[in-house]
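Source file data.tsv; content: TSV, C-alpha atoms.
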chain	number	residue	atom	x	y	z
M	1	MET	CA	-0.76	23.69	7.92
M	2	MET	CA	-0.93	21.82	11.23
M	3	GLN	CA	1.89	19.47	12.19
M	4	ALA	CA	1.16	15.80	11.68
M	5	ALA	CA	0.43	14.03	14.97
M	6	LEU	CA	3.44	11.68	14.99
M	7	GLU	CA	5.97	13.84	13.19
M	8	ASP	CA	9.59	13.31	14.33
M	9	LEU	CA	8.87	9.81	15.72
M	10	LEU	CA	10.89	6.84	14.46
M	11	VAL	CA	9.24	3.45	14.02
M	12	LEU	CA	11.14	0.24	13.30
M	13	ASP	CA	8.75	-2.28	11.82
M	14	PHE	CA	9.86	-5.92	11.73
M	15	SER	CA	6.38	-7.20	10.86
M	16	THR	CA	4.97	-8.61	7.62
M	17	LEU	CA	1.65	-9.22	5.87
M	18	LEU	CA	-1.24	-7.29	7.48
M	19	PRO	CA	-1.54	-6.64	11.26
M	20	GLY	CA	1.78	-4.92	11.96
M	21	PRO	CA	2.14	-3.21	8.58
M	22	LEU	CA	-1.33	-1.66	8.86
M	23	ALA	CA	-0.54	-0.37	12.34
M	24	SER	CA	2.70	1.20	11.11
M	25	LEU	CA	0.94	2.52	7.99
M	26	MET	CA	-1.33	4.60	10.21
M	27	MET	CA	1.74	5.92	12.01
M	28	ALA	CA	3.37	6.79	8.69
M	29	GLU	CA	0.16	8.54	7.60
M	30	ALA	CA	0.37	10.54	10.85
M	31	GLY	CA	3.87	11.73	10.01
M	32	ALA	CA	6.14	9.14	11.66
M	33	LYS	CA	9.24	7.86	9.90
M	34	VAL	CA	8.64	4.14	9.46
M	35	ILE	CA	11.49	1.84	8.46
M	36	LYS	CA	10.53	-1.69	7.40
M	37	ILE	CA	13.17	-4.25	8.29
M	38	GLU	CA	12.92	-6.92	5.57
M	39	ARG	CA	14.71	-10.10	4.56
M	40	PRO	CA	17.20	-9.59	1.71
M	41	GLY	CA	15.99	-10.94	-1.61
M	42	ILE	CA	12.55	-11.87	-0.28
M	43	GLY	CA	11.22	-9.07	1.83
M	44	ASP	CA	7.72	-8.96	3.18
M	45	GLU	CA	5.70	-11.90	1.79
M	46	MET	CA	2.97	-9.43	0.88
M	47	ARG	CA	5.20	-8.17	-1.95
M	48	THR	CA	4.39	-11.37	-3.88
M	49	TYR	CA	0.60	-11.32	-3.45
M	50	LEU	CA	-1.72	-10.82	-6.39
M	51	PRO	CA	-2.77	-8.61	-8.02
M	52	GLU	CA	0.51	-7.16	-9.20
M	53	PHE	CA	0.88	-3.40	-9.07
M	54	GLY	CA	4.06	-2.02	-10.54
M	55	GLU	CA	7.04	-4.06	-9.37
M	56	TYR	CA	5.25	-5.73	-6.47
M	57	SER	CA	1.71	-6.19	-5.15
M	58	ALA	CA	-1.25	-3.86	-4.86
M	59	ASN	CA	-1.76	-5.16	-1.31
M	60	PHE	CA	1.83	-4.38	-0.40
M	61	ALA	CA	1.65	-0.91	-1.94
M	62	MET	CA	-1.48	0.00	0.00
M	63	LEU	CA	-0.15	-1.24	3.35
M	64	ASN	CA	3.34	0.25	3.04
M	65	ARG	CA	2.74	3.65	1.50
M	66	GLY	CA	5.25	6.25	2.66
M	67	LYS	CA	7.59	3.83	4.46
M	68	GLU	CA	11.28	3.09	3.97
M	69	SER	CA	12.80	-0.37	3.46
M	70	LEU	CA	15.97	-1.69	5.02
M	71	ALA	CA	17.03	-5.18	3.87
M	72	LEU	CA	18.85	-7.06	6.65
M	73	ASP	CA	19.49	-10.69	7.51
M	74	LEU	CA	18.71	-10.71	11.21
M	75	LYS	CA	20.60	-13.99	11.60
M	76	ASP	CA	23.79	-12.30	10.39
M	77	PRO	CA	25.82	-10.78	13.28
M	78	ALA	CA	26.79	-7.95	10.92
M	79	ALA	CA	23.19	-6.75	11.00
M	80	ARG	CA	23.74	-5.70	14.61
M	81	SER	CA	26.05	-2.82	13.63
M	82	VAL	CA	23.40	-1.45	11.27
M	83	LEU	CA	20.49	-1.91	13.66
M	84	GLU	CA	21.97	-0.73	16.95
M	85	PRO	CA	22.04	3.01	16.08
M	86	LEU	CA	18.43	2.76	14.86
M	87	VAL	CA	17.28	0.79	17.88
M	88	ALA	CA	18.96	3.30	20.18
M	89	LYS	CA	16.90	6.18	18.80
M	90	ALA	CA	13.68	4.38	17.89
M	91	ASP	CA	10.49	5.55	19.58
M	92	ILE	CA	8.49	2.47	18.59
M	93	ILE	CA	9.36	-1.08	17.58
M	94	ILE	CA	6.76	-3.44	16.12
M	95	GLU	CA	7.36	-7.15	15.59
M	96	GLN	CA	5.13	-10.03	14.61
M	97	PHE	CA	7.27	-13.16	15.04
M	98	ARG	CA	6.29	-16.08	17.23
M	99	PRO	CA	7.33	-15.75	20.89
M	100	GLY	CA	11.07	-16.15	21.38
M	101	VAL	CA	12.19	-15.36	17.83
M	102	MET	CA	13.26	-11.77	18.52
M	103	LYS	CA	15.19	-13.00	21.58
M	104	ARG	CA	17.17	-15.35	19.34
M	105	PHE	CA	18.02	-12.34	17.16
M	106	GLY	CA	19.11	-10.40	20.25
M	107	LEU	CA	16.30	-7.91	19.63
M	108	ASP	CA	13.79	-8.77	22.36
M	109	TYR	CA	12.42	-6.06	24.63
M	110	ASP	CA	14.66	-6.87	27.60
M	111	THR	CA	17.74	-6.52	25.40
M	112	VAL	CA	16.55	-3.45	23.53
M	113	ARG	CA	15.60	-1.48	26.64
M	114	THR	CA	19.17	-1.70	27.92
M	115	ILE	CA	20.15	0.68	25.13
M	116	ASN	CA	16.83	2.51	24.78
M	117	ALA	CA	14.84	2.68	28.02
M	118	GLY	CA	12.13	4.83	26.46
M	119	VAL	CA	11.23	2.56	23.57
M	120	VAL	CA	7.63	1.44	23.14
M	121	TYR	CA	7.94	-2.16	22.00
M	122	CYS	CA	4.88	-3.93	20.56
M	123	SER	CA	4.59	-7.64	19.74
M	124	ILE	CA	1.58	-8.79	17.71
M	125	THR	CA	0.75	-12.50	17.61
M	126	GLY	CA	-2.31	-14.66	17.24
M	127	TYR	CA	-2.46	-15.94	20.80
M	128	GLY	CA	-0.12	-13.71	22.78
M	129	GLN	CA	3.24	-14.30	24.43
M	130	THR	CA	1.91	-16.68	27.08
M	131	GLY	CA	-0.51	-19.59	27.34
M	132	PRO	CA	-0.68	-23.09	25.82
M	133	LEU	CA	-1.40	-21.79	22.30
M	134	SER	CA	1.24	-19.06	22.26
M	135	ASN	CA	3.40	-20.82	19.64
M	136	LYS	CA	0.56	-22.14	17.50
M	137	ALA	CA	0.44	-21.03	13.87
M	138	GLY	CA	-2.77	-19.42	12.70
M	139	HIS	CA	-4.46	-16.93	10.42
M	140	ASP	CA	-7.49	-14.69	10.66
M	141	LEU	CA	-10.04	-17.44	10.02
M	142	ASN	CA	-8.54	-19.60	12.76
M	143	TYR	CA	-8.68	-16.76	15.28
M	144	MET	CA	-12.30	-16.10	14.39
M	145	ALA	CA	-13.05	-19.80	14.80
M	146	GLU	CA	-11.40	-20.27	18.18
M	147	THR	CA	-12.92	-17.18	19.79
M	148	GLY	CA	-16.48	-18.14	18.90
M	149	CYS	CA	-16.96	-15.42	16.28
M	150	LEU	CA	-17.61	-17.98	13.53
M	151	GLY	CA	-19.95	-19.91	15.79
M	152	THR	CA	-22.60	-17.20	15.88
M	153	THR	CA	-23.98	-17.34	12.32
M	154	ALA	CA	-24.58	-20.04	9.72
M	155	ASP	CA	-25.89	-20.53	6.21
M	156	ALA	CA	-29.07	-22.41	5.32
M	157	ASP	CA	-27.28	-25.73	5.83
M	158	GLY	CA	-26.00	-24.80	9.26
M	159	ASN	CA	-22.41	-24.15	8.15
M	160	PRO	CA	-20.49	-21.15	9.54
M	161	THR	CA	-20.08	-18.45	6.91
M	162	LEU	CA	-16.76	-16.98	5.80
M	163	PRO	CA	-16.31	-13.48	7.27
M	164	PRO	CA	-16.21	-10.75	4.61
M	165	VAL	CA	-13.43	-8.85	6.42
M	166	LEU	CA	-10.16	-9.78	8.13
M	167	ALA	CA	-11.43	-8.84	11.57
M	168	GLY	CA	-8.79	-10.81	13.46
M	169	ASP	CA	-5.86	-9.13	11.72
M	170	ILE	CA	-7.24	-5.60	11.65
M	171	ALA	CA	-9.71	-5.24	14.52
M	172	GLY	CA	-7.87	-7.78	16.68
M	173	GLY	CA	-4.31	-6.81	15.73
M	174	SER	CA	-3.66	-3.51	13.96
M	175	TYR	CA	-6.11	-1.33	15.85
M	176	PRO	CA	-5.34	-2.58	19.41
M	177	ALA	CA	-1.63	-2.26	18.61
M	178	LEU	CA	-2.00	1.36	17.55
M	179	ILE	CA	-4.28	2.22	20.49
M	180	ASN	CA	-1.88	0.76	23.05
M	181	ILE	CA	1.19	2.28	21.40
M	182	LEU	CA	-0.37	5.75	21.50
M	183	MET	CA	-1.35	5.32	25.15
M	184	ALA	CA	2.19	4.17	25.94
M	185	LEU	CA	3.59	7.27	24.23
M	186	LEU	CA	1.33	9.48	26.34
M	187	ARG	CA	2.56	7.80	29.50
M	188	ARG	CA	6.15	8.14	28.32
M	189	GLN	CA	5.64	11.90	28.09
M	190	ARG	CA	4.88	11.95	31.82
M	191	THR	CA	7.31	9.33	33.08
M	192	GLY	CA	10.03	8.99	30.45
M	193	GLU	CA	9.54	5.24	30.59
M	194	GLY	CA	8.93	2.97	27.65
M	195	CYS	CA	7.07	-0.32	27.91
M	196	TYR	CA	6.36	-3.70	26.38
M	197	ILE	CA	2.99	-4.34	24.68
M	198	ASP	CA	1.72	-7.89	24.13
M	199	ILE	CA	-1.10	-7.86	21.55
M	200	ALA	CA	-2.97	-11.14	21.05
M	201	MET	CA	-5.39	-10.97	18.14
M	202	THR	CA	-7.61	-13.61	19.73
M	203	ASP	CA	-7.87	-11.66	22.98
M	204	SER	CA	-9.06	-8.56	21.17
M	205	LEU	CA	-11.75	-10.39	19.19
M	206	PHE	CA	-13.72	-11.15	22.36
M	207	THR	CA	-14.55	-7.44	22.61
M	208	PHE	CA	-16.70	-7.81	19.50
M	209	LEU	CA	-18.77	-10.48	21.18
M	210	PHE	CA	-19.97	-8.19	23.97
M	211	TRP	CA	-23.62	-9.05	23.26
M	212	ALA	CA	-23.00	-12.81	23.36
M	213	LEU	CA	-20.82	-12.57	26.45
M	214	GLY	CA	-23.39	-10.40	28.19
M	215	GLU	CA	-26.12	-12.89	27.42
M	216	GLY	CA	-24.05	-15.90	28.44
M	217	PHE	CA	-22.41	-14.53	31.57
M	218	GLY	CA	-25.45	-12.53	32.57
M	219	THR	CA	-28.14	-15.19	32.18
M	220	GLY	CA	-26.30	-18.48	31.90
M	221	GLN	CA	-28.00	-19.03	28.53
M	222	TRP	CA	-25.45	-18.79	25.74
M	223	PRO	CA	-26.78	-17.76	22.31
M	224	SER	CA	-27.08	-20.60	19.83
M	225	VAL	CA	-26.10	-20.31	16.17
M	226	GLY	CA	-28.14	-17.68	14.36
M	227	GLN	CA	-30.20	-16.82	17.45
M	228	GLY	CA	-28.58	-13.61	18.62
M	229	LEU	CA	-30.28	-10.27	18.08
M	230	ILE	CA	-27.78	-9.34	15.37
M	231	THR	CA	-27.00	-12.82	14.07
M	232	GLY	CA	-30.31	-14.02	12.67
M	233	ARG	CA	-33.02	-14.16	15.31
M	234	SER	CA	-34.69	-10.86	14.57
M	235	PRO	CA	-36.52	-9.92	11.35
M	236	ARG	CA	-35.59	-6.33	12.20
M	237	TYR	CA	-31.90	-7.08	11.63
M	238	ALA	CA	-31.66	-9.19	8.51
M	239	ILE	CA	-30.83	-9.35	4.81
M	240	TYR	CA	-33.58	-9.96	2.26
M	241	ARG	CA	-33.38	-10.81	-1.45
M	242	THR	CA	-35.02	-8.52	-4.03
M	243	SER	CA	-36.77	-9.60	-7.21
M	244	ASP	CA	-33.66	-8.85	-9.32
M	245	HIS	CA	-31.51	-11.05	-7.07
M	246	ARG	CA	-29.87	-8.23	-5.21
M	247	HIS	CA	-30.08	-7.81	-1.45
M	248	PHE	CA	-31.62	-5.35	0.98
M	249	SER	CA	-30.21	-4.86	4.48
M	250	VAL	CA	-32.63	-4.01	7.27
M	251	ALA	CA	-31.43	-2.82	10.69
M	252	ALA	CA	-34.62	-1.26	12.04
M	253	LEU	CA	-33.97	-2.33	15.62
M	254	GLU	CA	-35.53	0.58	17.48
M	255	GLU	CA	-39.33	0.68	17.59
M	256	ARG	CA	-39.66	4.01	15.78
M	257	PHE	CA	-37.60	2.70	12.88
M	258	TRP	CA	-39.46	-0.60	12.82
M	259	VAL	CA	-42.89	1.01	12.78
M	260	ARG	CA	-42.00	3.24	9.83
M	261	PHE	CA	-40.32	0.36	8.01
M	262	CYS	CA	-43.47	-1.76	8.34
M	263	GLU	CA	-45.56	1.11	6.95
M	264	ILE	CA	-43.32	1.55	3.90
M	265	VAL	CA	-43.15	-2.13	2.94
M	266	GLY	CA	-46.83	-2.69	3.70
M	267	LEU	CA	-46.31	-5.39	6.32
M	268	GLU	CA	-49.65	-6.57	7.67
M	269	SER	CA	-50.40	-5.65	11.28
M	270	GLU	CA	-50.41	-9.25	12.50
M	271	TYR	CA	-46.72	-9.54	11.54
M	272	CYS	CA	-45.58	-6.18	12.89
M	273	ASP	CA	-45.50	-7.60	16.42
M	274	ASP	CA	-42.38	-9.60	15.68
M	275	GLU	CA	-42.06	-10.81	19.27
M	276	ARG	CA	-45.18	-12.93	18.69
M	277	ASP	CA	-43.58	-15.04	15.98
M	278	ALA	CA	-40.28	-13.69	14.69
M	279	GLN	CA	-39.85	-16.41	12.08
M	280	ALA	CA	-43.31	-15.85	10.65
M	281	THR	CA	-42.55	-12.14	10.34
M	282	LYS	CA	-39.26	-12.90	8.64
M	283	ARG	CA	-40.92	-15.26	6.16
M	284	ARG	CA	-43.54	-12.65	5.30
M	285	LEU	CA	-40.92	-9.95	4.84
M	286	THR	CA	-38.94	-12.29	2.61
M	287	GLU	CA	-42.01	-12.56	0.35
M	288	ILE	CA	-42.65	-8.81	0.32
M	289	ILE	CA	-39.05	-7.73	-0.38
M	290	ALA	CA	-38.81	-10.34	-3.15
M	291	GLY	CA	-41.68	-8.59	-4.91
M	292	ARG	CA	-39.71	-5.54	-6.00
M	293	THR	CA	-36.31	-4.74	-7.51
M	294	ALA	CA	-33.46	-3.21	-5.54
M	295	ALA	CA	-33.94	0.08	-7.40
M	296	GLU	CA	-37.63	0.15	-6.49
M	297	TRP	CA	-36.86	-0.43	-2.81
M	298	GLN	CA	-34.12	2.19	-2.95
M	299	ALA	CA	-36.63	4.70	-4.28
M	300	ALA	CA	-39.19	3.72	-1.65
M	301	PHE	CA	-36.77	4.32	1.20
M	302	ASP	CA	-34.94	7.40	-0.10
M	303	GLY	CA	-35.28	10.16	2.46
M	304	GLU	CA	-36.76	7.84	5.08
M	305	ASP	CA	-35.16	7.46	8.52
M	306	VAL	CA	-35.39	3.70	8.95
M	307	CYS	CA	-31.84	2.20	8.86
M	308	CYS	CA	-32.12	0.31	5.57
M	309	ALA	CA	-29.71	0.03	2.63
M	310	ILE	CA	-29.17	-1.88	-0.59
M	311	VAL	CA	-26.13	-4.19	-0.41
M	312	ALA	CA	-23.49	-2.58	-2.62
M	313	SER	CA	-20.56	-4.19	-4.35
M	314	VAL	CA	-17.13	-2.85	-3.40
M	315	GLU	CA	-16.92	-1.13	-6.78
M	316	GLU	CA	-20.28	0.56	-6.22
M	317	ALA	CA	-19.24	1.62	-2.74
M	318	THR	CA	-16.11	3.37	-4.02
M	319	GLN	CA	-18.32	5.44	-6.34
M	320	ASN	CA	-20.82	6.42	-3.65
M	321	PRO	CA	-21.05	10.24	-3.53
M	322	GLN	CA	-21.03	10.12	0.27
M	323	PHE	CA	-17.62	8.48	0.45
M	324	ARG	CA	-16.26	10.50	-2.46
M	325	SER	CA	-17.31	13.73	-0.76
M	326	ARG	CA	-15.38	12.68	2.35
M	327	GLY	CA	-12.18	12.34	0.31
M	328	LEU	CA	-11.66	8.67	1.17
M	329	PHE	CA	-9.96	7.95	-2.15
M	330	SER	CA	-8.30	11.31	-2.79
M	331	ARG	CA	-4.79	10.28	-1.68
M	332	GLU	CA	-2.59	8.15	-3.91
M	333	VAL	CA	0.09	5.49	-3.62
M	334	THR	CA	2.78	5.05	-6.26
M	335	SER	CA	4.72	1.88	-7.05
M	336	ASP	CA	7.19	1.64	-9.92
M	337	GLY	CA	5.43	4.50	-11.71
M	338	CYS	CA	1.93	3.06	-11.25
M	339	LYS	CA	-0.63	5.06	-9.25
M	340	MET	CA	-3.87	4.15	-7.50
M	341	PRO	CA	-5.92	5.51	-4.59
M	342	ALA	CA	-4.28	4.93	-1.21
M	343	LEU	CA	-5.90	2.76	1.43
M	344	PRO	CA	-8.37	4.80	3.51
M	345	VAL	CA	-7.36	4.72	7.18
M	346	PRO	CA	-9.32	5.96	10.23
M	347	LEU	CA	-7.29	9.13	10.78
M	348	VAL	CA	-8.73	12.63	10.57
M	349	GLU	CA	-7.07	14.93	8.05
M	350	SER	CA	-5.78	17.42	10.63
M	351	LEU	CA	-3.57	14.73	12.22
M	352	ARG	CA	-2.14	13.32	8.98
M	353	SER	CA	0.83	14.10	6.81
M	354	SER	CA	0.02	16.68	4.14
M	355	GLU	CA	1.61	14.54	1.40
M	356	THR	CA	-1.20	13.29	-0.80
M	357	ASP	CA	0.94	11.13	-3.11
M	358	ARG	CA	3.50	8.80	-1.51
M	359	GLU	CA	5.42	5.77	-2.71
M	360	SER	CA	5.63	2.25	-1.37
M	361	PRO	CA	9.28	1.22	-0.94
M	362	ARG	CA	11.32	-1.01	-3.17
M	363	LEU	CA	12.97	-3.81	-1.21
M	364	GLY	CA	16.09	-2.47	0.48
M	365	ALA	CA	15.74	0.96	-1.11
M	366	ASN	CA	17.04	2.66	2.02
M	367	SER	CA	19.68	0.12	3.03
M	368	ARG	CA	22.55	2.48	2.27
M	369	THR	CA	20.95	5.81	3.08
M	370	THR	CA	19.22	5.11	6.41
Output the file's structure as structure tokens, nothing else.
Amino acid sequence: MMQAALEDLLVLDFSTLLPGPLASLMMAEAGAKVIKIERPGIGDEMRTYLPEFGEYSANFAMLNRGKESLALDLKDPAARSVLEPLVAKADIIIEQFRPGVMKRFGLDYDTVRTINAGVVYCSITGYGQTGPLSNKAGHDLNYMAETGCLGTTADADGNPTLPPVLAGDIAGGSYPALINILMALLRRQRTGEGCYIDIAMTDSLFTFLFWALGEGFGTGQWPSVGQGLITGRSPRYAIYRTSDHRHFSVAALEERFWVRFCEIVGLESEYCDDERDAQATKRRLTEIIAGRTAAEWQAAFDGEDVCCAIVASVEEATQNPQFRSRGLFSREVTSDGCKMPALPVPLVESLRSSETDRESPRLGANSRTT
């Protein structure tokens, strides 16, 4: 059995809800010892979210599998005596407060590095530690709105559509935090020096707009709502309704895929040249796809190399033989005797802890033993 990638590392996690806890979850899955520092009596707000799972929340259980919990009032000077030995030996500290809060607790990076010069200290916020919005409150939807992500697509009435995933929290927060922490650890191996990492979820979201930024900066013509290649302009990259009111996703961008797609659906030659009149092609495809059920289209495209798929529900997706064969739901999380599949995370098996069933912590469960 290979050693987990982050075995023997200590992570102190002061964060709550999603961005920080998901980042530290991936570290725990890779073998690190993660200690959640939580408020006594309340803990991480995610503990109270629905649906309930055991003593707390299913969301909390998934995001905090395999961690420990230390209940401390950071405003109480007595907490310092408990924290200092942990801070002194911590490899990584993650916090998610607004700028200045950790300084008021005496736990900011400048203070911490005086007792632990090698610590990798990561702050995750919506807008970063600097700038006019640095202290503004926000959530995922706000970050998507202010970075232009929501301004790229719209419904039939021209209204921006709610994103189906929490891209700001995860893609803008958790993943950049983990990437930068791992790079900082690699540099620490060479230099012995720790560092401070300022993760702004809004900053990271701009990476996902590379196509819009390229078009705007490169040509001076910024894409309007629904007119980008992947946001509604092209009939090759669209969602169509079937006769049984399900949906069929088409992403036949490359010419070879598009040509074969047109052959299978029976699109007339005058519409296959979608550059001539993209909207006319899209209207005709809407009529054609609406003529058959989802199952009929699935059968028509089985075995074909054309980048098309029926839109699945989450329940259907979890039963897909492809994902089952990859073992995505083979690990378990336990909470108060209840078990369910653990949250799949983007770590390969050879780098992860070998423990397939791990618990999420009760609030303060490790307050006396840590």
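Using all atoms listed in the file, the nearest neighbour of Leu162 in chain M within the list M:Asp140, M:Ile37, M:Gln96, M:Ser123 is M:Asp140.
Nearest to Gly138 in chain M of all the residues M:Gly54, M:Gly168, M:Gly228, M:Gly158 is M:Gly168, counting all atoms listed in the file.
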Would you work out the distance separating CA of Val87 in chain M from CA of Gly106 in chain M, expressed in Å to one decimal? 11.6 Å
My list of candidates is M:Asp44, M:Asp8, M:Asp157, M:Asp273. Which is closest to Lys89 in chain M when distances are computed with only C-alpha atoms? M:Asp8
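Ranking M:Gln189, M:Val333, M:Asp244, M:Arg292 by their shortest atom-to-atom distance to Glu355 in chain M, with all atoms listed in the file included, puts M:Val333 first.
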Shell around Glu84 in chain M at 12 Å using all atoms listed in the file, local window under 2 positions removed, as a compact mmCIF listing (two decimals) with C-alpha atoms, keeping the file's coordinate frame:
# COMPACT_ATOMS: atom_id res chain seq x y z
CA LEU M 12 11.14 0.24 13.30
CA LEU M 74 18.71 -10.71 11.21
CA PRO M 77 25.82 -10.78 13.28
CA ALA M 78 26.79 -7.95 10.92
CA ALA M 79 23.19 -6.75 11.00
CA ARG M 80 23.74 -5.70 14.61
CA SER M 81 26.05 -2.82 13.63
CA VAL M 82 23.40 -1.45 11.27
CA LEU M 86 18.43 2.76 14.86
CA VAL M 87 17.28 0.79 17.88
CA ALA M 88 18.96 3.30 20.18
CA LYS M 89 16.90 6.18 18.80
CA ALA M 90 13.68 4.38 17.89
CA GLY M 106 19.11 -10.40 20.25
CA LEU M 107 16.30 -7.91 19.63
CA THR M 111 17.74 -6.52 25.40
CA VAL M 112 16.55 -3.45 23.53
CA ARG M 113 15.60 -1.48 26.64
CA THR M 114 19.17 -1.70 27.92
CA ILE M 115 20.15 0.68 25.13
CA ASN M 116 16.83 2.51 24.78
Near-range 14-31 of chain M list (6 Å; only C-alpha atoms; drop same-chain fewer than 3 positions) as a ChimeraX atom specification: /M:4-7,34,37,44,46,63-64,94-96,169-170,173-174,178,351-353
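Closest approach to Phe53 in chain M among M:Asp336, M:Asp203, M:Glu315, M:Glu296: M:Asp336, based on all atoms listed in the file.
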My list of candidates is M:Arg331, M:Arg236, M:Arg283, M:Arg246. Which is closest to Arg260 in chain M when distances are computed with all atoms listed in the file? M:Arg236
Residues near Thr281 in chain M, anyone? I mean within 7 Å using all atoms listed in the file, not counting same-chain ones fewer than 4 positions away, as JSON, numbers by chain. {"M": [235, 271, 274, 277, 285]}
Ser249 in chain M: which residues within 7 Å, counting only C-alpha atoms, same-chain residues fewer than 3 positions away excluded, as a PyMOL selection string? chain M and resi 238-240+308-311
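Counting from CA of Glu255 in chain M, the distance to CA of Thr231 in chain M is 18.6 Å.
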Determine the axis-aligned bounding box of all atoms of range 129-136 of chain M present in the file, pad each side by 5 Å, and express its centre and edge lengths in Å to one decimal place as lines of an AutoDock Vina configuration file.
center_x = 1.0
center_y = -18.7
center_z = 22.4
size_x = 14.8
size_y = 18.8
size_z = 19.8
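Picture a line from CA of Phe60 in chain M to CA of Glu146 in chain M; it runs 27.8 Å.
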Can you sort out range 38-52 of chain M so it carries N, CA and C atoms, written as a PDB file, in the frame of the given file?
ATOM      1  N   GLU M  38      13.353  -5.798   6.401  1.00  0.00           N
ATOM      2  CA  GLU M  38      12.920  -6.920   5.570  1.00  0.00           C
ATOM      3  C   GLU M  38      14.073  -7.868   5.246  1.00  0.00           C
ATOM      4  N   ARG M  39      13.716  -9.111   4.946  1.00  0.00           N
ATOM      5  CA  ARG M  39      14.710 -10.100   4.560  1.00  0.00           C
ATOM      6  C   ARG M  39      15.291  -9.775   3.190  1.00  0.00           C
ATOM      7  N   PRO M  40      16.597  -9.844   3.040  1.00  0.00           N
ATOM      8  CA  PRO M  40      17.200  -9.590   1.710  1.00  0.00           C
ATOM      9  C   PRO M  40      16.683 -10.586   0.680  1.00  0.00           C
ATOM     10  N   GLY M  41      16.395 -10.086  -0.505  1.00  0.00           N
ATOM     11  CA  GLY M  41      15.990 -10.940  -1.610  1.00  0.00           C
ATOM     12  C   GLY M  41      14.550 -11.390  -1.591  1.00  0.00           C
ATOM     13  N   ILE M  42      13.926 -11.386  -0.423  1.00  0.00           N
ATOM     14  CA  ILE M  42      12.550 -11.870  -0.280  1.00  0.00           C
ATOM     15  C   ILE M  42      11.630 -10.758   0.181  1.00  0.00           C
ATOM     16  N   GLY M  43      12.024 -10.149   1.275  1.00  0.00           N
ATOM     17  CA  GLY M  43      11.220  -9.070   1.830  1.00  0.00           C
ATOM     18  C   GLY M  43       9.933  -9.563   2.446  1.00  0.00           C
ATOM     19  N   ASP M  44       9.045  -8.659   2.655  1.00  0.00           N
ATOM     20  CA  ASP M  44       7.720  -8.960   3.180  1.00  0.00           C
ATOM     21  C   ASP M  44       6.981  -9.862   2.185  1.00  0.00           C
ATOM     22  N   GLU M  45       6.417 -10.973   2.677  1.00  0.00           N
ATOM     23  CA  GLU M  45       5.700 -11.900   1.790  1.00  0.00           C
ATOM     24  C   GLU M  45       4.590 -11.208   1.005  1.00  0.00           C
ATOM     25  N   MET M  46       4.062 -10.131   1.554  1.00  0.00           N
ATOM     26  CA  MET M  46       2.970  -9.430   0.880  1.00  0.00           C
ATOM     27  C   MET M  46       3.409  -8.858  -0.466  1.00  0.00           C
ATOM     28  N   ARG M  47       4.707  -8.679  -0.670  1.00  0.00           N
ATOM     29  CA  ARG M  47       5.200  -8.170  -1.950  1.00  0.00           C
ATOM     30  C   ARG M  47       4.822  -9.109  -3.110  1.00  0.00           C
ATOM     31  N   THR M  48       4.635 -10.389  -2.818  1.00  0.00           N
ATOM     32  CA  THR M  48       4.390 -11.370  -3.880  1.00  0.00           C
ATOM     33  C   THR M  48       2.906 -11.632  -4.125  1.00  0.00           C
ATOM     34  N   TYR M  49       2.037 -11.044  -3.326  1.00  0.00           N
ATOM     35  CA  TYR M  49       0.600 -11.320  -3.450  1.00  0.00           C
ATOM     36  C   TYR M  49       0.028 -10.706  -4.724  1.00  0.00           C
ATOM     37  N   LEU M  50      -0.974 -11.356  -5.256  1.00  0.00           N
ATOM     38  CA  LEU M  50      -1.720 -10.820  -6.390  1.00  0.00           C
ATOM     39  C   LEU M  50      -2.849  -9.936  -5.886  1.00  0.00           C
ATOM     40  N   PRO M  51      -3.251  -8.925  -6.677  1.00  0.00           N
ATOM     41  CA  PRO M  51      -2.770  -8.610  -8.020  1.00  0.00           C
ATOM     42  C   PRO M  51      -1.473  -7.817  -8.002  1.00  0.00           C
ATOM     43  N   GLU M  52      -0.713  -7.941  -9.081  1.00  0.00           N
ATOM     44  CA  GLU M  52       0.510  -7.160  -9.200  1.00  0.00           C
ATOM     45  C   GLU M  52       0.165  -5.696  -9.415  1.00  0.00           C
TER      46      GLU M  52
END
